[in-house]
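So this one's protein-v8.cif, mmCIF, C-alpha atoms:
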data_my_file
loop_
_atom_site.label_atom_id
_atom_site.label_comp_id
_atom_site.auth_asym_id
_atom_site.auth_seq_id
_atom_site.Cartn_x
_atom_site.Cartn_y
_atom_site.Cartn_z
CA MET A 9 83.58 74.62 103.57
CA LYS A 10 85.47 75.21 106.81
CA THR A 11 86.56 78.75 107.66
CA THR A 12 88.62 80.32 110.43
CA CYS A 13 89.60 83.96 110.99
CA GLU A 14 92.56 85.58 112.65
CA LYS A 15 92.94 89.32 113.25
CA MET A 16 96.15 90.95 111.99
CA ASP A 17 97.79 94.34 112.40
CA ASN A 18 97.03 97.27 110.08
CA CYS A 19 93.31 96.54 109.68
CA GLN A 20 93.78 93.16 108.04
CA LEU A 21 92.35 89.74 108.70
CA ALA A 22 93.65 86.29 107.79
CA LEU A 23 90.79 84.18 106.43
CA ASN A 24 91.57 80.45 106.15
CA VAL A 25 89.32 78.34 103.92
CA GLU A 26 89.28 74.56 103.59
CA MET A 27 87.08 73.04 100.88
CA GLU A 28 85.03 69.87 101.30
CA GLY A 29 85.48 66.98 98.86
CA ASN A 30 82.01 67.28 97.29
CA GLU A 31 82.56 71.02 96.67
CA ILE A 32 85.78 70.30 94.79
CA ASP A 33 84.05 67.58 92.73
CA LYS A 34 81.49 70.14 91.59
CA TYR A 35 84.19 72.55 90.38
CA MET A 36 86.15 69.73 88.70
CA ALA A 37 83.05 68.78 86.73
CA GLU A 38 82.46 72.39 85.70
CA ALA A 39 86.12 72.78 84.73
CA LEU A 40 85.93 69.68 82.52
CA GLU A 41 82.90 71.18 80.77
CA HIS A 42 84.77 74.48 80.21
CA LEU A 43 87.77 72.66 78.74
CA ALA A 44 85.60 70.41 76.58
CA ARG A 45 84.11 73.48 74.90
CA ARG A 46 87.60 74.73 73.98
CA VAL A 47 89.39 71.49 73.03
CA THR A 48 89.49 70.03 69.50
CA LEU A 49 90.13 66.29 69.20
CA PRO A 50 90.66 64.31 65.97
CA GLY A 51 87.36 63.10 64.55
CA PHE A 52 85.26 65.60 66.52
CA ARG A 53 84.18 69.17 65.91
CA LYS A 54 85.47 71.74 68.42
CA GLY A 55 83.62 71.35 71.70
CA LYS A 56 81.84 68.16 70.65
CA ALA A 57 84.29 65.53 71.98
CA PRO A 58 83.02 63.33 74.86
CA SER A 59 84.11 64.48 78.32
CA SER A 60 85.87 61.18 79.02
CA LEU A 61 88.13 61.63 75.98
CA VAL A 62 88.79 65.27 76.87
CA GLU A 63 89.79 64.23 80.38
CA GLN A 64 92.25 61.66 78.98
CA HIS A 65 93.62 64.26 76.53
CA VAL A 66 94.21 67.21 78.88
CA GLY A 67 94.91 65.31 82.12
CA LYS A 68 93.58 65.77 85.64
CA GLN A 69 96.19 68.42 86.50
CA ALA A 70 94.94 70.79 83.79
CA ILE A 71 91.34 70.20 84.92
CA PHE A 72 92.34 70.93 88.51
CA GLN A 73 94.06 74.19 87.55
CA GLU A 74 90.98 75.23 85.59
CA ALA A 75 88.82 74.38 88.59
CA LEU A 76 90.96 76.49 90.93
CA GLU A 77 90.48 79.59 88.74
CA HIS A 78 86.77 79.49 89.53
CA LEU A 79 86.80 77.74 92.89
CA ILE A 80 89.04 80.14 94.83
CA PRO A 81 87.31 83.44 93.91
CA GLU A 82 83.84 82.00 94.48
CA ALA A 83 84.83 80.24 97.70
CA TYR A 84 86.42 83.46 98.95
CA GLU A 85 83.22 85.44 98.34
CA GLU A 86 81.16 82.74 100.05
CA ALA A 87 83.55 82.71 103.03
CA LEU A 88 83.22 86.51 103.40
CA LYS A 89 79.42 86.16 103.63
CA LYS A 90 79.69 83.24 106.04
CA GLU A 91 81.98 85.19 108.40
CA SER A 92 80.21 88.55 107.83
CA ILE A 93 83.46 90.21 106.70
CA ALA A 94 83.33 93.57 104.89
CA ALA A 95 86.43 93.67 102.67
CA ILE A 96 87.36 97.06 101.17
CA ALA A 97 89.67 95.79 98.40
CA GLU A 98 90.97 92.67 96.72
CA PRO A 99 92.75 90.20 99.02
CA LYS A 100 96.16 88.56 98.74
CA ILE A 101 95.49 84.83 98.36
CA GLU A 102 97.91 81.99 99.00
CA LEU A 103 97.13 78.35 98.12
CA LEU A 104 98.31 76.33 101.13
CA GLN A 105 97.59 72.76 100.00
CA ILE A 106 95.59 70.87 97.39
CA GLU A 107 94.35 67.78 99.32
CA PRO A 108 92.04 69.09 100.58
CA VAL A 109 92.11 72.46 98.82
CA THR A 110 93.06 74.99 101.49
CA PHE A 111 93.91 78.63 100.95
CA LYS A 112 94.56 81.72 103.04
CA ALA A 113 93.29 85.20 102.13
CA ILE A 114 94.72 88.37 103.68
CA VAL A 115 91.62 90.57 103.73
CA PRO A 116 91.91 94.40 103.91
CA LEU A 117 89.34 95.91 106.27
CA LYS A 118 87.95 99.40 106.87
CA PRO A 119 90.55 101.83 108.33
CA ASN A 120 90.37 102.70 112.01
CA VAL A 121 90.78 106.45 112.59
CA THR A 122 90.62 108.36 115.86
CA PRO A 123 91.11 112.11 115.34
CA GLY A 124 92.79 114.06 118.10
CA ASN A 125 91.31 117.17 119.67
CA TYR A 126 91.56 119.26 116.52
CA ARG A 127 89.44 122.05 118.02
CA GLU A 128 92.33 122.88 120.35
CA LEU A 129 94.83 123.33 117.49
CA LYS A 130 96.06 126.83 116.63
CA LEU A 131 97.81 127.83 113.41
CA GLU A 132 98.28 131.15 111.65
CA MET A 133 97.91 131.69 107.92
CA GLY A 134 101.00 133.33 106.40
CA LYS A 135 100.82 136.68 104.62
CA LYS A 136 102.76 138.22 101.74
CA GLU A 137 102.43 141.74 100.37
CA ILE A 138 103.45 142.17 96.75
CA GLY A 139 106.03 144.94 96.40
CA ASP A 140 107.43 146.94 93.48
CA SER A 141 110.49 144.67 93.32
CA ASP A 142 108.22 141.65 92.74
CA ILE A 143 106.46 143.46 89.90
CA ASN A 144 109.78 144.58 88.37
CA GLN A 145 110.99 140.98 88.30
CA VAL A 146 107.98 139.98 86.20
CA ILE A 147 108.53 142.94 83.90
CA GLU A 148 112.15 141.88 83.46
CA GLN A 149 110.94 138.39 82.54
CA LEU A 150 108.57 139.92 79.98
CA GLN A 151 111.48 141.94 78.57
CA MET A 152 113.43 138.71 78.15
CA GLN A 153 110.38 137.07 76.56
CA PHE A 154 109.89 139.91 74.05
CA GLY A 155 113.59 140.41 73.46
CA THR A 156 115.29 139.46 70.20
CA LEU A 157 118.42 137.32 69.89
CA VAL A 158 121.40 139.02 68.27
CA PRO A 159 124.63 137.14 67.34
CA VAL A 160 127.74 138.55 69.05
CA GLU A 161 131.47 138.11 68.49
CA ARG A 162 132.74 138.03 72.08
CA GLY A 163 133.16 135.68 74.99
CA ILE A 164 130.12 134.11 76.65
CA GLN A 165 128.43 136.13 79.40
CA TYR A 166 125.65 135.22 81.81
CA GLY A 167 122.29 135.67 80.10
CA ASP A 168 123.54 134.65 76.66
CA ILE A 169 121.88 131.94 74.58
CA ILE A 170 124.43 129.64 72.97
CA THR A 171 124.26 126.78 70.50
CA CYS A 172 126.61 123.95 71.41
CA ASP A 173 127.36 120.23 71.42
CA ILE A 174 127.46 118.68 74.90
CA THR A 175 128.51 115.24 76.15
CA ALA A 176 128.92 113.92 79.69
CA LYS A 177 130.72 110.66 80.50
CA ARG A 178 132.04 108.65 83.41
CA GLY A 179 134.19 105.86 82.05
CA GLY A 180 131.94 103.97 79.64
CA ASP A 181 128.78 105.44 81.14
CA GLN A 182 127.45 108.32 79.01
CA ILE A 183 124.54 110.28 80.48
CA LEU A 184 124.38 113.14 77.96
CA ASP A 185 124.95 113.53 74.22
CA ARG A 186 123.32 116.62 72.69
CA LYS A 187 124.06 118.12 69.28
CA ASP A 188 123.21 121.74 68.43
CA ALA A 189 121.66 122.24 71.86
CA ALA A 190 120.27 125.70 72.68
CA TYR A 191 121.51 126.56 76.18
CA GLU A 192 120.79 129.68 78.26
CA VAL A 193 123.81 130.53 80.38
CA ASN A 194 122.27 131.38 83.74
CA LYS A 195 124.51 131.74 86.80
CA ASP A 196 122.24 129.71 89.11
CA SER A 197 121.35 127.01 86.60
CA LYS A 198 121.68 123.44 87.88
CA TYR A 199 121.28 121.90 84.42
CA PRO A 200 122.88 119.76 83.17
CA ALA A 201 124.93 119.90 86.40
CA PRO A 202 125.56 122.49 89.11
CA GLY A 203 128.47 124.75 88.05
CA PHE A 204 128.11 123.93 84.33
CA ALA A 205 127.19 127.49 83.25
CA GLU A 206 130.15 128.96 85.17
CA LYS A 207 132.56 126.84 83.11
CA LEU A 208 131.27 128.41 79.88
CA VAL A 209 131.73 132.08 80.78
CA GLY A 210 134.47 133.68 78.66
CA LEU A 211 134.51 130.99 75.95
CA GLU A 212 134.25 132.27 72.38
CA LYS A 213 132.61 130.90 69.24
CA ASP A 214 134.15 127.62 67.94
CA ALA A 215 135.86 127.01 71.31
CA ASP A 216 136.20 123.44 72.62
CA THR A 217 136.47 122.76 76.33
CA GLU A 218 136.53 119.79 78.69
CA PHE A 219 135.98 119.84 82.45
CA THR A 220 134.77 117.64 85.31
CA LEU A 221 131.81 118.31 87.59
CA SER A 222 130.46 116.38 90.56
CA PHE A 223 126.76 115.95 91.25
CA PRO A 224 125.69 116.65 94.85
CA ASP A 225 125.10 113.69 97.17
CA ASP A 226 121.43 114.71 97.48
CA TYR A 227 120.91 115.10 93.70
CA GLU A 228 117.37 114.10 92.68
CA VAL A 229 118.57 111.41 90.25
CA LYS A 230 120.06 108.97 92.76
CA GLU A 231 121.99 106.96 90.14
CA ILE A 232 124.33 109.90 89.42
CA ALA A 233 124.24 111.60 92.84
CA GLY A 234 127.70 112.04 94.36
CA LYS A 235 129.47 110.99 91.13
CA GLU A 236 131.95 112.94 88.99
CA TYR A 237 131.45 113.23 85.20
CA THR A 238 133.60 114.63 82.42
CA PHE A 239 131.82 117.19 80.21
CA THR A 240 132.93 118.21 76.73
CA VAL A 241 131.45 121.30 75.07
CA LYS A 242 131.88 122.77 71.59
CA VAL A 243 130.53 126.34 71.29
CA LYS A 244 128.96 126.95 67.86
CA GLU A 245 127.14 130.27 68.27
CA ILE A 246 126.70 132.99 70.90
CA LYS A 247 123.68 135.30 71.01
CA GLU A 248 122.60 138.00 73.44
CA LYS A 249 119.11 139.30 74.01
CA SER A 250 118.26 142.81 72.86
CA LEU A 251 115.62 143.93 75.37
CA PRO A 252 112.72 146.33 74.56
CA GLU A 253 112.25 149.57 76.50
CA VAL A 254 109.65 149.40 79.28
CA ASN A 255 106.94 151.92 78.32
CA ASP A 256 103.28 152.08 77.31
CA GLU A 257 104.03 150.49 73.92
CA PHE A 258 105.76 147.60 75.71
CA ALA A 259 102.67 147.22 77.94
CA LYS A 260 100.36 147.10 74.90
CA ASN A 261 102.44 144.29 73.42
CA ALA A 262 101.91 142.48 76.73
CA GLY A 263 98.11 142.81 76.40
CA SER A 264 97.51 145.87 78.62
CA GLU A 265 96.27 149.40 77.91
CA ASN A 266 99.34 151.10 79.34
CA LEU A 267 102.22 150.54 81.77
CA ASP A 268 100.17 151.30 84.89
CA ASP A 269 97.50 148.86 83.76
CA LEU A 270 100.17 146.18 83.18
CA LYS A 271 101.66 146.70 86.64
CA GLY A 272 98.21 146.48 88.20
CA LYS A 273 97.47 143.18 86.46
CA ILE A 274 100.83 141.80 87.50
CA ARG A 275 100.22 142.80 91.12
CA VAL A 276 96.81 141.07 91.17
CA GLY A 277 98.22 137.92 89.56
CA LEU A 278 101.21 137.74 91.90
CA GLN A 279 99.03 138.31 94.96
CA SER A 280 96.63 135.58 93.84
CA ARG A 281 99.47 133.09 93.36
CA ALA A 282 101.09 134.09 96.65
CA ASP A 283 97.82 133.63 98.52
CA GLU A 284 97.29 130.24 96.89
CA ASN A 285 100.80 129.10 97.81
CA LEU A 286 100.36 130.31 101.38
CA LYS A 287 97.06 128.46 101.59
CA LYS A 288 98.70 125.22 100.39
CA GLU A 289 101.55 125.68 102.88
CA PHE A 290 99.03 126.34 105.67
CA GLU A 291 96.96 123.27 104.75
CA ASN A 292 100.06 121.05 104.57
CA LYS A 293 101.11 122.17 108.07
CA LEU A 294 97.58 121.71 109.36
CA VAL A 295 97.26 118.19 107.94
CA THR A 296 100.66 117.27 109.43
CA MET A 297 99.43 118.46 112.85
CA LEU A 298 96.20 116.48 112.45
CA ILE A 299 98.08 113.31 111.54
CA GLU A 300 100.54 113.68 114.44
CA GLN A 301 97.75 113.94 117.02
CA SER A 302 95.53 111.21 115.54
CA THR A 303 95.54 107.42 115.60
CA ILE A 304 95.36 106.11 112.03
CA GLU A 305 95.39 102.43 111.14
CA PHE A 306 94.78 101.18 107.61
CA PRO A 307 95.59 98.20 105.35
CA PRO A 308 98.75 98.52 103.17
CA VAL A 309 96.69 98.02 100.02
CA LEU A 310 95.51 101.65 100.30
CA VAL A 311 99.10 102.85 99.87
CA ASP A 312 99.55 100.55 96.86
CA LYS A 313 96.40 102.00 95.30
CA GLU A 314 97.64 105.54 95.95
CA ILE A 315 100.96 104.70 94.30
CA ASP A 316 98.99 103.41 91.29
CA HIS A 317 97.17 106.75 91.21
CA ILE A 318 100.41 108.76 91.32
CA ILE A 319 101.94 106.58 88.58
CA ASN A 320 98.88 107.19 86.39
CA GLU A 321 99.15 110.94 87.04
CA GLU A 322 102.82 110.90 86.00
CA ALA A 323 102.08 108.75 82.93
CA ARG A 324 99.76 111.45 81.55
CA ASN A 325 102.87 113.56 80.90
CA PHE A 326 104.02 111.05 78.28
CA ALA A 327 102.48 110.44 74.86
CA ASP A 328 102.63 106.66 75.32
CA GLY A 329 101.56 106.67 78.95
CA VAL A 330 103.13 104.25 81.42
CA LYS A 331 105.43 102.90 78.70
CA GLY A 332 106.84 106.40 78.23
CA LEU A 333 107.32 106.76 81.99
CA GLU A 334 109.17 103.43 82.09
CA ASN A 335 111.46 104.58 79.26
CA TYR A 336 112.15 107.83 81.11
CA LEU A 337 112.99 105.92 84.29
CA GLY A 338 115.16 103.53 82.28
CA ASN A 339 117.28 106.46 81.09
CA ALA A 340 117.82 107.29 84.76
CA LYS A 341 118.82 103.66 85.43
CA LYS A 342 115.71 103.04 87.50
CA THR A 343 112.93 100.44 87.24
CA LEU A 344 109.25 101.10 87.72
CA GLU A 345 109.31 98.99 90.90
CA GLN A 346 112.16 101.10 92.31
CA HIS A 347 110.17 104.21 91.45
CA ARG A 348 107.15 102.77 93.26
CA ASP A 349 109.33 102.25 96.36
CA ASP A 350 110.48 105.89 96.12
CA LEU A 351 106.84 107.02 95.98
CA ARG A 352 105.75 104.97 99.00
CA PRO A 353 106.47 107.61 101.72
CA ALA A 354 104.56 110.33 99.83
CA ALA A 355 101.70 107.93 99.06
CA THR A 356 101.51 106.93 102.72
CA ASP A 357 101.25 110.59 103.75
CA ARG A 358 98.49 111.17 101.20
CA VAL A 359 96.51 108.18 102.49
CA LYS A 360 96.84 109.40 106.10
CA ALA A 361 95.79 112.91 105.11
CA PHE A 362 92.72 111.64 103.28
CA LEU A 363 91.68 109.30 106.08
CA VAL A 364 91.99 111.82 108.91
CA THR A 365 90.27 114.67 107.04
CA SER A 366 87.53 112.29 105.84
CA LYS A 367 86.93 111.15 109.41
CA ILE A 368 86.74 114.73 110.67
CA GLY A 369 84.28 115.49 107.87
CA GLU A 370 82.19 112.55 109.10
CA VAL A 371 82.41 113.75 112.72
CA GLU A 372 81.35 117.26 111.68
CA ASP A 373 78.56 115.82 109.47
CA ILE A 374 79.82 117.63 106.39
CA LYS A 375 77.74 116.85 103.31
CA VAL A 376 77.73 117.76 99.62
CA SER A 377 74.28 118.06 98.09
CA GLU A 378 73.30 116.96 94.60
CA ASP A 379 72.87 120.65 93.66
CA GLU A 380 76.43 121.42 94.82
CA LEU A 381 77.70 118.42 92.89
CA ALA A 382 75.88 119.52 89.73
CA GLU A 383 77.24 123.05 90.09
CA ALA A 384 80.80 121.74 90.42
CA ILE A 385 80.40 119.64 87.27
CA GLU A 386 79.04 122.61 85.32
CA ASN A 387 81.96 124.76 86.52
CA MET A 388 84.34 122.23 84.96
CA ILE A 389 82.64 122.77 81.61
CA LYS A 390 82.60 126.58 81.64
CA GLY A 391 84.60 128.06 78.80
CA ASP A 392 84.88 124.77 76.89
CA GLU A 393 81.50 123.46 75.75
CA THR A 394 83.27 120.99 73.44
CA LYS A 395 83.94 118.74 76.43
CA ALA A 396 80.54 119.25 78.10
CA GLU A 397 79.00 115.99 76.89
CA ASN A 398 82.02 113.88 77.91
CA VAL A 399 82.32 115.52 81.35
CA ARG A 400 78.62 115.10 82.13
CA ALA A 401 78.73 111.49 80.94
CA LEU A 402 81.79 110.75 83.11
CA PHE A 403 80.24 112.16 86.28
CA SER A 404 76.96 110.39 85.67
CA LEU A 405 78.84 107.18 86.52
CA PRO A 406 78.72 106.18 90.22
CA GLN A 407 82.45 105.91 90.95
CA PRO A 408 83.64 109.23 89.39
CA ARG A 409 80.62 110.99 90.90
CA GLU A 410 81.37 109.71 94.40
CA SER A 411 85.08 110.50 93.99
CA LEU A 412 84.15 114.11 93.16
CA ARG A 413 81.81 114.22 96.14
CA ASP A 414 84.58 112.90 98.43
CA MET A 415 86.98 115.57 97.14
CA MET A 416 84.40 118.31 97.74
CA ILE A 417 83.77 117.03 101.28
CA ILE A 418 87.53 117.14 101.94
CA ASN A 419 87.66 120.74 100.67
CA LYS A 420 84.72 121.73 102.87
CA THR A 421 86.36 120.01 105.84
CA MET A 422 89.62 121.87 105.27
CA ASP A 423 87.73 125.17 105.09
CA LEU A 424 86.06 124.40 108.43
CA LEU A 425 89.36 123.35 110.02
CA ALA A 426 91.01 126.55 108.78
CA LYS A 427 88.34 128.56 110.61
CA ILE A 428 88.75 126.49 113.75
CA VAL A 429 92.54 126.68 114.03
CA THR A 430 92.73 130.38 113.14
CA GLU A 431 89.90 131.16 115.59
CA LYS A 432 87.71 132.48 112.77
CA GLU A 433 84.90 129.93 112.96
CA GLU A 434 81.63 131.82 112.49
CA ASN A 435 79.58 129.89 115.07
CA PRO A 436 82.01 128.16 117.45
CA GLU A 437 79.26 127.46 119.97
CA GLU A 438 77.26 125.37 117.49
CA GLY A 439 78.04 121.69 117.13
CA GLU A 440 80.92 121.82 119.59
CA LYS A 441 82.71 118.47 119.51
CA ASN A 442 85.93 117.25 121.00
CA GLY A 443 86.76 115.11 117.95
CA GLN A 444 87.51 111.98 120.02
CA VAL A 445 85.58 109.54 117.84
CA THR A 446 86.73 106.16 116.60
CA ALA A 447 85.83 104.85 113.15
#
Target format structure tokens, applied to this file:
Amino acid sequence: MKTTCEKMDNCQLALNVEMEGNEIDKYMAEALEHLARRVTLPGFRKGKAPSSLVEQHVGKQAIFQEALEHLIPEAYEEALKKESIAAIAEPKIELLQIEPVTFKAIVPLKPNVTPGNYRELKLEMGKKEIGDSDINQVIEQLQMQFGTLVPVERGIQYGDIITCDITAKRGGDQILDRKDAAYEVNKDSKYPAPGFAEKLVGLEKDADTEFTLSFPDDYEVKEIAGKEYTFTVKVKEIKEKSLPEVNDEFAKNAGSENLDDLKGKIRVGLQSRADENLKKEFENKLVTMLIEQSTIEFPPVLVDKEIDHIINEEARNFADGVKGLENYLGNAKKTLEQHRDDLRPAATDRVKAFLVTSKIGEVEDIKVSEDELAEAIENMIKGDETKAENVRALFSLPQPRESLRDMMIINKTMDLLAKIVTEKEENPEEGEKNGQVTA
């Protein structure tokens, strides 16, 4: 075996492999044996025909193809050892010629990350105080939730719930056909198109109407963005909500002792959500700053793997998994490959964020102990012992366990970075580092 290597951009290496004649002979012989075990010839039991007859029956080309299926993967692994190459994922392999057998493997290597001087960064965490108006909005939503629907004989008003038939067409292209659809007429609603609800106001029961609406140029479904569609609507029923009075009885129905108790719970819940949102916003800004000041090189395969992960996350929202996602995309006139291309920028950002925070965690020597790992696993089980056995079994496996450890290290790293950039680090004099370290 002859091997040569050539460095490429983005932490990749081109590994060229040329096989010797005697090596190919060995794989051809093994391939013939494999085929002989599978082939049935007249007069012989399956797998019992002489190799010479099998060779005449299947032909040298079939034997060669069988040989390649074993030769290339094994030769690739041997070439990695010979050249002392540490690949981090599967390569892209191209067969260059067959006499002699020569192939090229594009090998993904470990990312190269140089964090900037993150200890000099400054960023403030946002704040939000929950006011009475915020609490009243939630109470109004609860009123709507507990309200009863009452049929009315008048024109449609904002806030009504109507039953209607809806279609939307553009020439022969129909994007909507709903019968007996329940539709809440909200002024700011963008479904099924911006301005749709406004066209319904004033219509009475049994009314038919037709109108055209244009989707914005930046509409999320690109296939219909910027296009004009004709909508037809038949109003079948109009109902308004009869709202309950806000008092202690109302609060009890909402699971509280009285109205003051309900308002207190709402305030705590809103503050918790606001703080969580502000934390996410802060962390997103911080990660963006870290990426901008760092040098991050990595093989493209990491982005492809992240796209796979996002696709799998999305597929969980459908009963039939990826097939359901493909059907959903098909209705939007989009293929799965087009969707993958749309996800590439976000996946790239996620890879960069993981790499730079992981490297800072390494620089800061952040660890997660086995006790911390065990505690995190037990916290997942709390409140649902029915899944305890499955969760413990899952995280007893090496890959899920290490993935959880990596996530916990990232979280610890983000907590440390938050202290650094907000000047709230408890012991800034300890372990002072400038962060200028190359992977």
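Remark: for Ile274 of chain A, the closest of the candidate residues A:Pro116, A:Gly179, A:Gly167, A:Gly139 is A:Gly139 (distances computed over all atoms listed in the file).
Note that atom CA of Ile315 of chain A and atom CA of Asn335 of chain A are 18.3 Å apart.
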| request: Please write the residues picked by the PyMOL selection byres ((chain A and resi 360) around 12) on this file as an MDAnalysis selection string. | output: chainID A and resid 119:123 295:308 310:311 314 353:359 361:367
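Note that the spacing between atom CA of Tyr227 of chain A and atom CA of Leu184 of chain A amounts to 16.2 Å.
Going from atom CA of Thr421 of chain A over to atom CA of Arg127 of chain A, you cover 12.7 Å.
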| message | Ranking A:Phe154, A:Phe258, A:Phe219, A:Tyr84 by minimum distance to Lys207 of chain A and counting all atoms listed in the file, which one comes first? | response | A:Phe219
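Closest approach to Ala39 of chain A among A:Gly210, A:Gly180, A:Gly67, A:Gly51 is made by A:Gly67 (distances from only C-alpha atoms).
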| query | Could you list as a ChimeraX atom specification every residue that has an atom within 10 Å of (131.2, 112.2, 87.9), using the file's coordinates and counting all atoms listed in the file? | reply | /A:176-179,181,220-224,232-239
| field | Selection under test: the PyMOL selection byres ((chain A and resi 412) around 12); residues as a list in words | value | Val376, Ser377, Glu378, Glu380, Leu381, Ala382, Glu383, Ala384, Ile385, Met388, Leu402, Phe403, Ser404, Leu405, Pro406, Gln407, Pro408, Arg409, Glu410, Ser411, Arg413, Asp414, Met415, Met416, Ile417, Ile418 and Asn419 of chain A
Could you spell out the hits of the PyMOL selection byres ((chain A and resi 93) around 10) on the shown file, as a short mmCIF file (atom, residue, chain, number, x, y, z; two decimals) with C-alpha atoms, in the frame of the given file?
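The new file part-v9.cif reads:
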data_model
loop_
_atom_site.label_atom_id
_atom_site.label_comp_id
_atom_site.auth_asym_id
_atom_site.auth_seq_id
_atom_site.Cartn_x
_atom_site.Cartn_y
_atom_site.Cartn_z
CA CYS A 13 89.60 83.96 110.99
CA LEU A 21 92.35 89.74 108.70
CA LEU A 23 90.79 84.18 106.43
CA GLU A 85 83.22 85.44 98.34
CA ALA A 87 83.55 82.71 103.03
CA LEU A 88 83.22 86.51 103.40
CA LYS A 89 79.42 86.16 103.63
CA LYS A 90 79.69 83.24 106.04
CA GLU A 91 81.98 85.19 108.40
CA SER A 92 80.21 88.55 107.83
CA ALA A 94 83.33 93.57 104.89
CA ALA A 95 86.43 93.67 102.67
CA ILE A 96 87.36 97.06 101.17
CA VAL A 115 91.62 90.57 103.73
CA PRO A 116 91.91 94.40 103.91
CA LEU A 117 89.34 95.91 106.27
#
Once 4 Å is added on each side, what centre and edge lengths in Å to one decimal does the axis-aligned box around all listed atoms of segment 168-177 of chain A have, as AutoDock Vina command-line options?
--center_x 126.3 --center_y 122.7 --center_z 75.5 --size_x 16.8 --size_y 32.0 --size_z 18.0
List every protein, DNA or RNA residue that has at least one atom no more than 10 Å from (129.6, 139.1, 77.4) in the file's coordinates, counting all atoms listed in the file, and write the result as a tab-separated table (two decimals) with C-alpha atoms, in the coordinates of the input.
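part_0.tsv was written with the following content:
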chain	number	residue	atom	x	y	z
A	160	VAL	CA	127.74	138.55	69.05
A	161	GLU	CA	131.47	138.11	68.49
A	162	ARG	CA	132.74	138.03	72.08
A	163	GLY	CA	133.16	135.68	74.99
A	164	ILE	CA	130.12	134.11	76.65
A	165	GLN	CA	128.43	136.13	79.40
A	166	TYR	CA	125.65	135.22	81.81
A	167	GLY	CA	122.29	135.67	80.10
A	168	ASP	CA	123.54	134.65	76.66
A	209	VAL	CA	131.73	132.08	80.78
A	210	GLY	CA	134.47	133.68	78.66
A	211	LEU	CA	134.51	130.99	75.95
A	212	GLU	CA	134.25	132.27	72.38
A	246	ILE	CA	126.70	132.99	70.90
A	247	LYS	CA	123.68	135.30	71.01
A	248	GLU	CA	122.60	138.00	73.44
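Residue nearest Leu104 of chain A, chosen from A:Asn325, A:Lys118, A:Glu26, A:Lys68 and counting only C-alpha atoms: A:Glu26.
Counting all atoms listed in the file, the residue from A:Ala44, A:Cys19, A:Leu337, A:Gly155 that sits nearest to Asn261 of chain A is A:Gly155.
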| Counting all atoms listed in the file, the option among A:Arg45, A:Lys54, A:Gly124, A:Gln20 closest to Glu98 of chain A | A:Gln20
Please output segment 289-300 of chain A, rebuilt to include N, CA and C atoms, as a PDB file, in the frame of the given file.
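Resulting contents of out_10.pdb:
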ATOM      1  N   GLU A 289     100.572 125.861 101.795  1.00  0.00           N
ATOM      2  CA  GLU A 289     101.550 125.680 102.880  1.00  0.00           C
ATOM      3  C   GLU A 289     100.831 125.544 104.224  1.00  0.00           C
ATOM      4  N   PHE A 290      99.829 126.389 104.437  1.00  0.00           N
ATOM      5  CA  PHE A 290      99.030 126.340 105.670  1.00  0.00           C
ATOM      6  C   PHE A 290      98.326 124.997 105.800  1.00  0.00           C
ATOM      7  N   GLU A 291      97.695 124.538 104.717  1.00  0.00           N
ATOM      8  CA  GLU A 291      96.960 123.270 104.750  1.00  0.00           C
ATOM      9  C   GLU A 291      97.889 122.088 104.978  1.00  0.00           C
ATOM     10  N   ASN A 292      99.083 122.136 104.363  1.00  0.00           N
ATOM     11  CA  ASN A 292     100.060 121.050 104.570  1.00  0.00           C
ATOM     12  C   ASN A 292     100.480 120.973 106.041  1.00  0.00           C
ATOM     13  N   LYS A 293     100.735 122.139 106.649  1.00  0.00           N
ATOM     14  CA  LYS A 293     101.110 122.170 108.070  1.00  0.00           C
ATOM     15  C   LYS A 293      99.968 121.677 108.940  1.00  0.00           C
ATOM     16  N   LEU A 294      98.752 122.102 108.581  1.00  0.00           N
ATOM     17  CA  LEU A 294      97.580 121.710 109.360  1.00  0.00           C
ATOM     18  C   LEU A 294      97.365 120.194 109.296  1.00  0.00           C
ATOM     19  N   VAL A 295      97.457 119.629 108.087  1.00  0.00           N
ATOM     20  CA  VAL A 295      97.260 118.190 107.940  1.00  0.00           C
ATOM     21  C   VAL A 295      98.341 117.422 108.706  1.00  0.00           C
ATOM     22  N   THR A 296      99.579 117.915 108.677  1.00  0.00           N
ATOM     23  CA  THR A 296     100.660 117.270 109.430  1.00  0.00           C
ATOM     24  C   THR A 296     100.333 117.268 110.925  1.00  0.00           C
ATOM     25  N   MET A 297      99.818 118.373 111.431  1.00  0.00           N
ATOM     26  CA  MET A 297      99.430 118.460 112.850  1.00  0.00           C
ATOM     27  C   MET A 297      98.295 117.487 113.156  1.00  0.00           C
ATOM     28  N   LEU A 298      97.321 117.385 112.246  1.00  0.00           N
ATOM     29  CA  LEU A 298      96.200 116.480 112.450  1.00  0.00           C
ATOM     30  C   LEU A 298      96.669 115.029 112.505  1.00  0.00           C
ATOM     31  N   ILE A 299      97.573 114.679 111.588  1.00  0.00           N
ATOM     32  CA  ILE A 299      98.080 113.310 111.540  1.00  0.00           C
ATOM     33  C   ILE A 299      98.851 112.982 112.813  1.00  0.00           C
ATOM     34  N   GLU A 300      99.689 113.919 113.255  1.00  0.00           N
ATOM     35  CA  GLU A 300     100.540 113.680 114.440  1.00  0.00           C
ATOM     36  C   GLU A 300      99.716 113.452 115.704  1.00  0.00           C
TER      37      GLU A 300
END
